[in-house]
file upload_28.pdb (PDB, C-alpha atoms and all ligand atoms)
ATOM      1  CA  MET A   1     153.902  26.595 259.945  1.00  0.00           C
ATOM      2  CA  LEU A   2     153.759  26.249 256.220  1.00  0.00           C
ATOM      3  CA  ASP A   3     156.854  26.562 254.106  1.00  0.00           C
ATOM      4  CA  ALA A   4     156.658  28.879 251.086  1.00  0.00           C
ATOM      5  CA  GLN A   5     155.890  26.088 248.686  1.00  0.00           C
ATOM      6  CA  GLY A   6     153.218  24.600 250.895  1.00  0.00           C
ATOM      7  CA  LEU A   7     151.655  27.998 251.422  1.00  0.00           C
ATOM      8  CA  GLN A   8     151.445  28.656 247.725  1.00  0.00           C
ATOM      9  CA  ALA A   9     149.888  25.283 247.091  1.00  0.00           C
ATOM     10  CA  SER A  10     147.319  25.713 249.850  1.00  0.00           C
ATOM     11  CA  LEU A  11     146.469  29.245 248.727  1.00  0.00           C
ATOM     12  CA  PHE A  12     145.876  28.000 245.250  1.00  0.00           C
ATOM     13  CA  PHE A  13     143.223  25.527 246.302  1.00  0.00           C
ATOM     14  CA  GLU A  14     141.591  27.302 249.208  1.00  0.00           C
ATOM     15  CA  THR A  15     138.100  28.716 249.073  1.00  0.00           C
ATOM     16  CA  PRO A  16     137.572  32.144 250.704  1.00  0.00           C
ATOM     17  CA  LEU A  17     136.026  30.336 253.688  1.00  0.00           C
ATOM     18  CA  GLU A  18     139.119  28.159 254.076  1.00  0.00           C
ATOM     19  CA  ILE A  19     141.378  31.189 253.839  1.00  0.00           C
ATOM     20  CA  TYR A  20     139.517  32.859 256.718  1.00  0.00           C
ATOM     21  CA  ALA A  21     139.641  29.665 258.764  1.00  0.00           C
ATOM     22  CA  ARG A  22     143.383  29.323 258.250  1.00  0.00           C
ATOM     23  CA  VAL A  23     144.101  32.955 259.087  1.00  0.00           C
ATOM     24  CA  PHE A  24     141.886  32.640 262.170  1.00  0.00           C
ATOM     25  CA  ARG A  25     143.948  29.673 263.392  1.00  0.00           C
ATOM     26  CA  GLU A  26     147.126  31.663 262.756  1.00  0.00           C
ATOM     27  CA  LEU A  27     145.908  34.634 264.787  1.00  0.00           C
ATOM     28  CA  LYS A  28     144.037  32.771 267.528  1.00  0.00           C
ATOM     29  CA  PRO A  29     145.706  29.362 267.817  1.00  0.00           C
ATOM     30  CA  ARG A  30     144.233  28.650 271.261  1.00  0.00           C
ATOM     31  CA  THR A  31     140.676  29.745 270.534  1.00  0.00           C
ATOM     32  CA  ALA A  32     138.054  27.321 269.277  1.00  0.00           C
ATOM     33  CA  MET A  33     137.106  28.121 265.717  1.00  0.00           C
ATOM     34  CA  PRO A  34     133.755  29.903 265.592  1.00  0.00           C
ATOM     35  CA  GLU A  35     131.228  29.100 262.940  1.00  0.00           C
ATOM     36  CA  LEU A  36     132.220  31.073 259.849  1.00  0.00           C
ATOM     37  CA  ALA A  37     130.133  32.700 257.146  1.00  0.00           C
ATOM     38  CA  VAL A  38     131.923  34.403 254.269  1.00  0.00           C
ATOM     39  CA  GLU A  39     130.014  36.101 251.497  1.00  0.00           C
ATOM     40  CA  PHE A  40     130.399  38.632 248.728  1.00  0.00           C
ATOM     41  CA  CYS A  41     127.831  41.439 248.700  1.00  0.00           C
ATOM     42  CA  ARG A  42     126.795  44.163 246.327  1.00  0.00           C
ATOM     43  CA  PHE A  43     127.977  47.274 248.144  1.00  0.00           C
ATOM     44  CA  ALA A  44     128.251  50.748 246.690  1.00  0.00           C
ATOM     45  CA  ASN A  45     131.846  50.942 247.884  1.00  0.00           C
ATOM     46  CA  ALA A  46     134.767  48.561 248.096  1.00  0.00           C
ATOM     47  CA  ASP A  47     133.830  48.124 251.749  1.00  0.00           C
ATOM     48  CA  ASN A  48     134.270  44.995 253.784  1.00  0.00           C
ATOM     49  CA  PHE A  49     132.772  44.090 257.136  1.00  0.00           C
ATOM     50  CA  ILE A  50     133.422  41.568 259.842  1.00  0.00           C
ATOM     51  CA  LYS A  51     131.500  40.915 263.023  1.00  0.00           C
ATOM     52  CA  LEU A  52     131.269  38.291 265.701  1.00  0.00           C
ATOM     53  CA  GLU A  53     127.671  37.695 266.711  1.00  0.00           C
ATOM     54  CA  HIS A  54     126.269  34.871 268.868  1.00  0.00           C
ATOM     55  CA  GLY A  55     129.540  33.017 268.421  1.00  0.00           C
ATOM     56  CA  LYS A  56     129.327  33.225 264.647  1.00  0.00           C
ATOM     57  CA  LEU A  57     131.858  35.101 262.568  1.00  0.00           C
ATOM     58  CA  HIS A  58     130.309  36.953 259.632  1.00  0.00           C
ATOM     59  CA  VAL A  59     132.521  38.277 256.860  1.00  0.00           C
ATOM     60  CA  ARG A  60     130.975  40.355 254.113  1.00  0.00           C
ATOM     61  CA  MET A  61     133.255  41.414 251.305  1.00  0.00           C
ATOM     62  CA  SER A  62     132.514  43.673 248.374  1.00  0.00           C
ATOM     63  CA  ASP A  63     131.683  41.679 245.265  1.00  0.00           C
ATOM     64  CA  LEU A  64     134.362  43.760 243.559  1.00  0.00           C
ATOM     65  CA  LEU A  65     136.739  41.294 245.195  1.00  0.00           C
ATOM     66  CA  GLU A  66     134.971  38.201 243.965  1.00  0.00           C
ATOM     67  CA  GLY A  67     137.555  37.579 241.274  1.00  0.00           C
ATOM     68  CA  ALA A  68     140.512  38.706 243.361  1.00  0.00           C
ATOM     69  CA  PRO A  69     143.527  36.382 243.533  1.00  0.00           C
ATOM     70  CA  ALA A  70     143.732  34.273 246.699  1.00  0.00           C
ATOM     71  CA  PRO A  71     146.744  36.189 248.117  1.00  0.00           C
ATOM     72  CA  VAL A  72     144.620  39.367 248.030  1.00  0.00           C
ATOM     73  CA  LEU A  73     141.773  37.662 249.905  1.00  0.00           C
ATOM     74  CA  GLU A  74     144.316  36.301 252.348  1.00  0.00           C
ATOM     75  CA  ALA A  75     145.672  39.805 252.924  1.00  0.00           C
ATOM     76  CA  LEU A  76     142.145  41.093 253.538  1.00  0.00           C
ATOM     77  CA  ALA A  77     141.471  38.213 255.950  1.00  0.00           C
ATOM     78  CA  HIS A  78     144.521  39.293 257.958  1.00  0.00           C
ATOM     79  CA  ILE A  79     143.321  42.907 257.936  1.00  0.00           C
ATOM     80  CA  LEU A  80     139.718  42.161 258.972  1.00  0.00           C
ATOM     81  CA  LEU A  81     140.504  39.490 261.563  1.00  0.00           C
ATOM     82  CA  GLY A  82     143.419  41.554 262.864  1.00  0.00           C
ATOM     83  CA  LYS A  83     141.099  44.525 263.385  1.00  0.00           C
ATOM     84  CA  LEU A  84     138.412  42.419 265.024  1.00  0.00           C
ATOM     85  CA  TYR A  85     140.816  40.809 267.474  1.00  0.00           C
ATOM     86  CA  ARG A  86     143.047  43.861 267.861  1.00  0.00           C
ATOM     87  CA  LYS A  87     146.136  42.105 266.605  1.00  0.00           C
ATOM     88  CA  PRO A  88     148.920  43.974 264.847  1.00  0.00           C
ATOM     89  CA  ILE A  89     148.471  43.684 261.092  1.00  0.00           C
ATOM     90  CA  SER A  90     151.619  43.083 259.096  1.00  0.00           C
ATOM     91  CA  ARG A  91     152.349  45.846 256.618  1.00  0.00           C
ATOM     92  CA  MET A  92     152.917  43.186 254.026  1.00  0.00           C
ATOM     93  CA  TYR A  93     149.171  42.488 254.028  1.00  0.00           C
ATOM     94  CA  THR A  94     147.949  46.076 254.080  1.00  0.00           C
ATOM     95  CA  HIS A  95     150.374  46.883 251.283  1.00  0.00           C
ATOM     96  CA  ARG A  96     149.351  43.890 249.188  1.00  0.00           C
ATOM     97  CA  TYR A  97     145.655  44.701 249.589  1.00  0.00           C
ATOM     98  CA  ARG A  98     146.060  48.386 248.799  1.00  0.00           C
ATOM     99  CA  LEU A  99     148.217  47.670 245.795  1.00  0.00           C
ATOM    100  CA  TYR A 100     145.451  45.493 244.394  1.00  0.00           C
ATOM    101  CA  LEU A 101     142.689  48.033 245.010  1.00  0.00           C
ATOM    102  CA  ASN A 102     144.842  50.665 243.406  1.00  0.00           C
ATOM    103  CA  ARG A 103     145.220  48.759 240.144  1.00  0.00           C
ATOM    104  CA  ARG A 104     143.824  50.762 237.280  1.00  0.00           C
ATOM    105  CA  ASP A 105     141.146  48.217 236.374  1.00  0.00           C
ATOM    106  CA  MET A 106     140.051  47.902 240.013  1.00  0.00           C
ATOM    107  CA  ARG A 107     139.824  51.648 240.417  1.00  0.00           C
ATOM    108  CA  ARG A 108     137.731  51.889 237.277  1.00  0.00           C
ATOM    109  CA  GLN A 109     135.405  49.148 238.414  1.00  0.00           C
ATOM    110  CA  ALA A 110     135.035  50.661 241.880  1.00  0.00           C
ATOM    111  CA  HIS A 111     134.317  54.041 240.335  1.00  0.00           C
ATOM    112  CA  LEU A 112     131.614  52.573 238.091  1.00  0.00           C
ATOM    113  CA  VAL A 113     130.026  50.648 240.928  1.00  0.00           C
ATOM    114  CA  ARG A 114     129.883  53.785 243.083  1.00  0.00           C
ATOM    115  CA  GLN A 115     128.303  55.693 240.242  1.00  0.00           C
ATOM    116  CA  ILE A 116     125.688  53.078 239.552  1.00  0.00           C
ATOM    117  CA  ARG A 117     124.884  51.805 243.040  1.00  0.00           C
ATOM    118  CA  GLY A 118     125.696  54.724 245.270  1.00  0.00           C
ATOM    119  CA  ARG A 119     122.701  56.942 245.392  1.00  0.00           C
ATOM    120  CA  LYS A 120     123.898  60.299 246.440  1.00  0.00           C
ATOM    121  CA  PHE A 121     121.812  63.010 247.955  1.00  0.00           C
ATOM    122  CA  ILE A 122     122.809  66.351 246.512  1.00  0.00           C
ATOM    123  CA  SER A 123     120.757  69.211 247.842  1.00  0.00           C
ATOM    124  CA  GLY A 124     121.130  71.716 245.054  1.00  0.00           C
ATOM    125  CA  PRO A 125     123.081  74.986 245.207  1.00  0.00           C
ATOM    126  CA  GLN A 126     120.565  77.298 246.860  1.00  0.00           C
ATOM    127  CA  GLY A 127     121.004  77.506 250.624  1.00  0.00           C
ATOM    128  CA  ALA A 128     119.264  79.649 253.208  1.00  0.00           C
ATOM    129  CA  HIS A 129     121.874  82.417 252.861  1.00  0.00           C
ATOM    130  CA  TYR A 130     124.246  81.555 250.088  1.00  0.00           C
ATOM    131  CA  ASN A 131     123.978  80.183 246.586  1.00  0.00           C
ATOM    132  CA  LEU A 132     126.817  77.809 245.727  1.00  0.00           C
ATOM    133  CA  GLU A 133     126.368  78.247 241.996  1.00  0.00           C
ATOM    134  CA  GLU A 134     126.974  81.977 242.228  1.00  0.00           C
ATOM    135  CA  ILE A 135     130.041  81.432 244.355  1.00  0.00           C
ATOM    136  CA  PHE A 136     131.370  78.748 242.023  1.00  0.00           C
ATOM    137  CA  GLU A 137     130.921  80.905 238.929  1.00  0.00           C
ATOM    138  CA  ARG A 138     132.450  83.982 240.541  1.00  0.00           C
ATOM    139  CA  LEU A 139     135.547  82.019 241.612  1.00  0.00           C
ATOM    140  CA  ASN A 140     135.655  80.278 238.249  1.00  0.00           C
ATOM    141  CA  THR A 141     135.796  83.633 236.455  1.00  0.00           C
ATOM    142  CA  CYS A 142     138.301  85.215 238.845  1.00  0.00           C
ATOM    143  CA  HIS A 143     140.731  82.324 239.285  1.00  0.00           C
ATOM    144  CA  PHE A 144     140.215  79.757 236.527  1.00  0.00           C
ATOM    145  CA  HIS A 145     139.480  81.921 233.480  1.00  0.00           C
ATOM    146  CA  GLY A 146     135.958  80.493 233.610  1.00  0.00           C
ATOM    147  CA  LEU A 147     137.320  77.195 232.320  1.00  0.00           C
ATOM    148  CA  LEU A 148     136.179  74.758 235.012  1.00  0.00           C
ATOM    149  CA  GLY A 149     133.109  72.744 234.090  1.00  0.00           C
ATOM    150  CA  ARG A 150     130.526  73.173 236.808  1.00  0.00           C
ATOM    151  CA  PRO A 151     129.939  69.952 238.765  1.00  0.00           C
ATOM    152  CA  GLN A 152     126.826  69.275 240.829  1.00  0.00           C
ATOM    153  CA  LEU A 153     126.830  71.573 243.835  1.00  0.00           C
ATOM    154  CA  GLY A 154     125.149  70.942 247.136  1.00  0.00           C
ATOM    155  CA  TRP A 155     125.058  71.489 250.874  1.00  0.00           C
ATOM    156  CA  SER A 156     125.725  68.658 253.307  1.00  0.00           C
ATOM    157  CA  ARG A 157     122.766  67.307 255.233  1.00  0.00           C
ATOM    158  CA  GLY A 158     124.189  68.024 258.647  1.00  0.00           C
ATOM    159  CA  ASP A 159     126.347  70.797 260.129  1.00  0.00           C
ATOM    160  CA  SER A 160     129.596  68.946 259.649  1.00  0.00           C
ATOM    161  CA  ARG A 161     132.677  70.481 261.248  1.00  0.00           C
ATOM    162  CA  ARG A 162     134.888  67.558 260.358  1.00  0.00           C
ATOM    163  CA  MET A 163     134.163  67.659 256.640  1.00  0.00           C
ATOM    164  CA  LEU A 164     133.982  71.269 255.576  1.00  0.00           C
ATOM    165  CA  GLY A 165     133.734  70.360 251.946  1.00  0.00           C
ATOM    166  CA  HIS A 166     134.575  67.578 249.565  1.00  0.00           C
ATOM    167  CA  PHE A 167     134.788  66.828 245.901  1.00  0.00           C
ATOM    168  CA  ASP A 168     133.362  63.459 244.914  1.00  0.00           C
ATOM    169  CA  PRO A 169     134.734  62.476 241.509  1.00  0.00           C
ATOM    170  CA  SER A 170     132.351  59.515 241.151  1.00  0.00           C
ATOM    171  CA  HIS A 171     129.350  61.804 241.174  1.00  0.00           C
ATOM    172  CA  ASN A 172     131.203  64.849 239.906  1.00  0.00           C
ATOM    173  CA  ALA A 173     129.892  66.814 242.862  1.00  0.00           C
ATOM    174  CA  ILE A 174     131.158  69.382 245.328  1.00  0.00           C
ATOM    175  CA  VAL A 175     129.407  69.209 248.672  1.00  0.00           C
ATOM    176  CA  ILE A 176     129.881  72.008 251.208  1.00  0.00           C
ATOM    177  CA  SER A 177     129.090  71.772 254.910  1.00  0.00           C
ATOM    178  CA  ARG A 178     125.922  73.543 255.999  1.00  0.00           C
ATOM    179  CA  ILE A 179     127.794  75.359 258.744  1.00  0.00           C
ATOM    180  CA  PHE A 180     128.747  77.880 256.065  1.00  0.00           C
ATOM    181  CA  ASP A 181     125.152  78.602 255.125  1.00  0.00           C
ATOM    182  CA  ARG A 182     124.565  81.083 257.905  1.00  0.00           C
ATOM    183  CA  ALA A 183     124.340  84.836 258.056  1.00  0.00           C
ATOM    184  CA  GLU A 184     127.068  84.964 260.721  1.00  0.00           C
ATOM    185  CA  THR A 185     129.568  82.917 258.692  1.00  0.00           C
ATOM    186  CA  PRO A 186     131.751  85.249 256.641  1.00  0.00           C
ATOM    187  CA  LEU A 187     131.518  84.710 252.904  1.00  0.00           C
ATOM    188  CA  LEU A 188     135.313  84.599 252.755  1.00  0.00           C
ATOM    189  CA  ALA A 189     135.408  81.277 254.637  1.00  0.00           C
ATOM    190  CA  LEU A 190     132.857  79.723 252.313  1.00  0.00           C
ATOM    191  CA  GLU A 191     134.686  81.028 249.266  1.00  0.00           C
ATOM    192  CA  TYR A 192     137.928  79.551 250.500  1.00  0.00           C
ATOM    193  CA  VAL A 193     136.389  76.091 251.027  1.00  0.00           C
ATOM    194  CA  MET A 194     134.801  76.231 247.588  1.00  0.00           C
ATOM    195  CA  PHE A 195     138.102  77.366 246.062  1.00  0.00           C
ATOM    196  CA  HIS A 196     139.862  74.414 247.710  1.00  0.00           C
ATOM    197  CA  GLU A 197     137.335  71.945 246.288  1.00  0.00           C
ATOM    198  CA  MET A 198     137.594  73.580 242.874  1.00  0.00           C
ATOM    199  CA  LEU A 199     141.333  72.933 242.954  1.00  0.00           C
ATOM    200  CA  HIS A 200     140.472  69.238 243.259  1.00  0.00           C
ATOM    201  CA  LEU A 201     138.684  69.602 239.921  1.00  0.00           C
ATOM    202  CA  ARG A 202     141.698  71.407 238.518  1.00  0.00           C
ATOM    203  CA  PHE A 203     144.275  68.900 239.854  1.00  0.00           C
ATOM    204  CA  PRO A 204     142.879  65.376 239.668  1.00  0.00           C
ATOM    205  CA  VAL A 205     144.143  62.847 242.228  1.00  0.00           C
ATOM    206  CA  ASP A 206     147.505  61.296 241.519  1.00  0.00           C
ATOM    207  CA  HIS A 207     147.253  57.543 241.981  1.00  0.00           C
ATOM    208  CA  SER A 208     150.895  56.610 241.504  1.00  0.00           C
ATOM    209  CA  GLY A 209     152.004  53.876 243.911  1.00  0.00           C
ATOM    210  CA  THR A 210     149.772  52.897 246.789  1.00  0.00           C
ATOM    211  CA  ARG A 211     149.337  56.300 248.401  1.00  0.00           C
ATOM    212  CA  ARG A 212     146.725  58.685 247.153  1.00  0.00           C
ATOM    213  CA  CYS A 213     148.410  62.029 247.159  1.00  0.00           C
ATOM    214  CA  VAL A 214     145.439  64.335 247.098  1.00  0.00           C
ATOM    215  CA  HIS A 215     147.132  67.609 247.994  1.00  0.00           C
ATOM    216  CA  THR A 216     150.189  67.697 245.803  1.00  0.00           C
ATOM    217  CA  LYS A 217     152.828  70.396 246.029  1.00  0.00           C
ATOM    218  CA  GLU A 218     151.303  71.969 242.926  1.00  0.00           C
ATOM    219  CA  PHE A 219     147.904  71.967 244.654  1.00  0.00           C
ATOM    220  CA  ARG A 220     149.278  73.625 247.799  1.00  0.00           C
ATOM    221  CA  GLU A 221     151.002  76.312 245.750  1.00  0.00           C
ATOM    222  CA  ALA A 222     147.822  77.076 243.837  1.00  0.00           C
ATOM    223  CA  GLU A 223     145.861  77.212 247.077  1.00  0.00           C
ATOM    224  CA  LYS A 224     148.092  79.961 248.417  1.00  0.00           C
ATOM    225  CA  GLN A 225     147.026  82.141 245.498  1.00  0.00           C
ATOM    226  CA  PHE A 226     143.628  82.550 247.125  1.00  0.00           C
ATOM    227  CA  PRO A 227     143.298  86.168 248.280  1.00  0.00           C
ATOM    228  CA  HIS A 228     143.241  86.459 252.075  1.00  0.00           C
ATOM    229  CA  PHE A 229     144.274  82.803 252.309  1.00  0.00           C
ATOM    230  CA  LYS A 230     145.508  83.178 255.897  1.00  0.00           C
ATOM    231  CA  ALA A 231     142.494  85.186 257.066  1.00  0.00           C
ATOM    232  CA  ALA A 232     140.181  82.541 255.604  1.00  0.00           C
ATOM    233  CA  LYS A 233     142.022  79.739 257.396  1.00  0.00           C
ATOM    234  CA  GLU A 234     141.756  81.691 260.659  1.00  0.00           C
ATOM    235  CA  ILE A 235     137.984  81.925 260.282  1.00  0.00           C
ATOM    236  CA  LEU A 236     137.755  78.160 259.761  1.00  0.00           C
ATOM    237  CA  LYS A 237     139.383  77.639 263.152  1.00  0.00           C
ATOM    238  CA  THR A 238     136.603  79.587 264.843  1.00  0.00           C
ATOM    239  CA  LEU A 239     133.678  77.692 263.335  1.00  0.00           C
TER
HETATM  240 ZN    ZN B 301     141.297  68.755 249.739  1.00  0.00          ZN
END
call {"tool": "encode", "arguments": {"input": "upload_28.pdb", "output": "structure tokens"}}
result
Amino acid sequence: MLDAQGLQASLFFETPLEIYARVFRELKPRTAMPELAVEFCRFANADNFIKLEHGKLHVRMSDLLEGAPAPVLEALAHILLGKLYRKPISRMYTHRYRLYLNRRDMRRQAHLVRQIRGRKFISGPQGAHYNLEEIFERLNTCHFHGLLGRPQLGWSRGDSRRMLGHFDPSHNAIVISRIFDRAETPLLALEYVMFHEMLHLRFPVDHSGTRRCVHTKEFREAEKQFPHFKAAKEILKTL
């Protein structure tokens, strides 16, 4: 075990590879150290991957983290190795890592990287049965005094039931699941999902602290103003 002073000193001088090796020994003291490869990659997201293949441990971190302080890389090493070996991950590490990612400058950088690197497929508003632009503009007039700027609108590639709709601020796009683009799906359900995503335009995400509170109280209240709110939610259950 390292005392606090020793830990700080070692953190200060460790390379990312050494950090992973040390955390590995902490988590798996009786297992022989596998060969380790740690690299930073240009991903579209702040994603990080770990895998054990042919006895070699590969860690690929987003290059957004290349300049991160050692304690942040240490926290991520605990998270990735903990997941790989199914060990409980101390909340201290998840908290430390999230706090860093949530810093304003990190969020801005991540947002830019997503915009530049993340190619996003957006189908365009015209579906087989419904036109998202018409629906957006009708709801905009009725519920937002026509004041919302129209983002890109598109249908999802697949018939997603898990993700009925989402607003992607990096691409300023609302994407709606194709399951709504059917003659048998009532327009009300589609309008409700669109209305919900439009509220995300109206109430941007609150990033205070480490938790992203996406559906604030204010948001929930506004959502209830949708006519036939309950009926629409009932339809969603039957899809
Ligand atoms: Zn939402």
call {"tool": "residues_around", "arguments": {"input": "upload_28.pdb", "residues": "region 59-76 of chain A", "least_positions_apart": "4", "cutoff": "8 Å", "atoms": "all atoms listed in the file", "output": "PDB file with C-alpha atoms, in the frame of the given file"}}
result
ATOM      1  CA  LEU A  11     146.469  29.245 248.727  1.00  0.00           C
ATOM      2  CA  PHE A  12     145.876  28.000 245.250  1.00  0.00           C
ATOM      3  CA  GLU A  14     141.591  27.302 249.208  1.00  0.00           C
ATOM      4  CA  PRO A  16     137.572  32.144 250.704  1.00  0.00           C
ATOM      5  CA  ILE A  19     141.378  31.189 253.839  1.00  0.00           C
ATOM      6  CA  TYR A  20     139.517  32.859 256.718  1.00  0.00           C
ATOM      7  CA  VAL A  23     144.101  32.955 259.087  1.00  0.00           C
ATOM      8  CA  LEU A  36     132.220  31.073 259.849  1.00  0.00           C
ATOM      9  CA  ALA A  37     130.133  32.700 257.146  1.00  0.00           C
ATOM     10  CA  VAL A  38     131.923  34.403 254.269  1.00  0.00           C
ATOM     11  CA  GLU A  39     130.014  36.101 251.497  1.00  0.00           C
ATOM     12  CA  PHE A  40     130.399  38.632 248.728  1.00  0.00           C
ATOM     13  CA  CYS A  41     127.831  41.439 248.700  1.00  0.00           C
ATOM     14  CA  ARG A  42     126.795  44.163 246.327  1.00  0.00           C
ATOM     15  CA  PHE A  43     127.977  47.274 248.144  1.00  0.00           C
ATOM     16  CA  ASN A  45     131.846  50.942 247.884  1.00  0.00           C
ATOM     17  CA  ALA A  46     134.767  48.561 248.096  1.00  0.00           C
ATOM     18  CA  ASP A  47     133.830  48.124 251.749  1.00  0.00           C
ATOM     19  CA  ASN A  48     134.270  44.995 253.784  1.00  0.00           C
ATOM     20  CA  PHE A  49     132.772  44.090 257.136  1.00  0.00           C
ATOM     21  CA  ILE A  50     133.422  41.568 259.842  1.00  0.00           C
ATOM     22  CA  LYS A  51     131.500  40.915 263.023  1.00  0.00           C
ATOM     23  CA  LEU A  80     139.718  42.161 258.972  1.00  0.00           C
ATOM     24  CA  TYR A  93     149.171  42.488 254.028  1.00  0.00           C
ATOM     25  CA  THR A  94     147.949  46.076 254.080  1.00  0.00           C
ATOM     26  CA  ARG A  96     149.351  43.890 249.188  1.00  0.00           C
ATOM     27  CA  TYR A  97     145.655  44.701 249.589  1.00  0.00           C
ATOM     28  CA  TYR A 100     145.451  45.493 244.394  1.00  0.00           C
ATOM     29  CA  MET A 106     140.051  47.902 240.013  1.00  0.00           C
ATOM     30  CA  GLN A 109     135.405  49.148 238.414  1.00  0.00           C
ATOM     31  CA  ALA A 110     135.035  50.661 241.880  1.00  0.00           C
TER      32      ALA A 110
END
call {"tool": "residues_near_ligand", "arguments": {"input": "upload_28.pdb", "ligand": "ligand ZN 301 (chain B)", "cutoff": "7 Å", "atoms": "only C-alpha atoms and all ligand atoms", "output": "ChimeraX atom specification"}}
result
/A:166,196-197,200,214-215
call {"tool": "axis_aligned_box", "arguments": {"input": "upload_28.pdb", "around": "region 132-149 of chain A", "padding_each_side": "5 Å", "output": "lines of an AutoDock Vina configuration file"}}
result
center_x = 133.5
center_y = 79.0
center_z = 239.0
size_x = 24.4
size_y = 22.5
size_z = 23.4
call {"tool": "atom_distance", "arguments": {"input": "upload_28.pdb", "atom1": "CA of Pro34 (chain A)", "atom2": "CA of Arg91 (chain A)"}}
result
26.1 Å
call {"tool": "closest_atom_pairs", "arguments": {"input": "upload_28.pdb", "of": "region 174-206 of chain A", "to": "region 227-236 of chain A", "cutoff": "10 Å", "atoms": "only C-alpha atoms", "output": "tab-separated table"}}
result
residue	atom	partner	partner_atom	distance
A:Phe180	CA	A:Leu236	CA	9.7
A:Thr185	CA	A:Ile235	CA	8.6
A:Pro186	CA	A:Ile235	CA	7.9
A:Leu187	CA	A:Ala232	CA	9.3
A:Leu188	CA	A:Ala232	CA	6.0
A:Ala189	CA	A:Ala232	CA	5.0
A:Leu190	CA	A:Ala232	CA	8.5
A:Glu191	CA	A:Ala232	CA	8.5
A:Tyr192	CA	A:Ala232	CA	6.3
A:Val193	CA	A:Ala232	CA	8.8
call {"tool": "atom_distance", "arguments": {"input": "upload_28.pdb", "atom1": "CA of His54 (chain A)", "atom2": "CA of Arg86 (chain A)"}}
result
19.1 Å
call {"tool": "resolve_selection", "arguments": {"input": "upload_28.pdb", "expression": "the PyMOL selection byres (((chain A and resi 179) around 9) and not hetatm)", "output": "ChimeraX atom specification"}}
result
/A:156,158-161,164,176-178,180-182,185,239
call {"tool": "closest_residue", "arguments": {"input": "upload_28.pdb", "among": "A:Lys224, A:Lys237, A:Arg25, A:His171", "to": "Gly82 (chain A)", "atoms": "only C-alpha atoms"}}
result
A:Arg25
call {"tool": "atom_distance", "arguments": {"input": "upload_28.pdb", "atom1": "CA of Glu53 (chain A)", "atom2": "CA of Ala77 (chain A)"}}
result
17.5 Å
call {"tool": "closest_residue", "arguments": {"input": "upload_28.pdb", "among": "A:Ser90, A:His129, A:Ile135, A:Leu199", "to": "Glu184 (chain A)", "atoms": "all atoms listed in the file"}}
result
A:His129
call {"tool": "resolve_selection", "arguments": {"input": "upload_28.pdb", "expression": "the PyMOL selection byres (((chain A and resi 202) around 12) and not hetatm)", "output": "list in words"}}
result
Asn140, His143, Phe144, His145, Gly146, Leu147, Leu148, Gly149, Arg150, Pro151, Phe167, Pro169, Phe195, His196, Glu197, Met198, Leu199, His200, Leu201, Phe203, Pro204, Val205, Val214, His215, Thr216, Glu218, Phe219, Ala222 and Glu223 of chain A
call {"tool": "resolve_selection", "arguments": {"input": "upload_28.pdb", "expression": "the PyMOL selection byres (((chain A and resi 122) around 10) and not hetatm)", "output": "ChimeraX atom specification"}}
result
/A:119-121,123-125,152-157,171,173-175
call {"tool": "closest_residue", "arguments": {"input": "upload_28.pdb", "among": "A:Phe226, A:Tyr85, A:Tyr130, A:Phe136", "to": "Phe24 (chain A)", "atoms": "all atoms listed in the file"}}
result
A:Tyr85
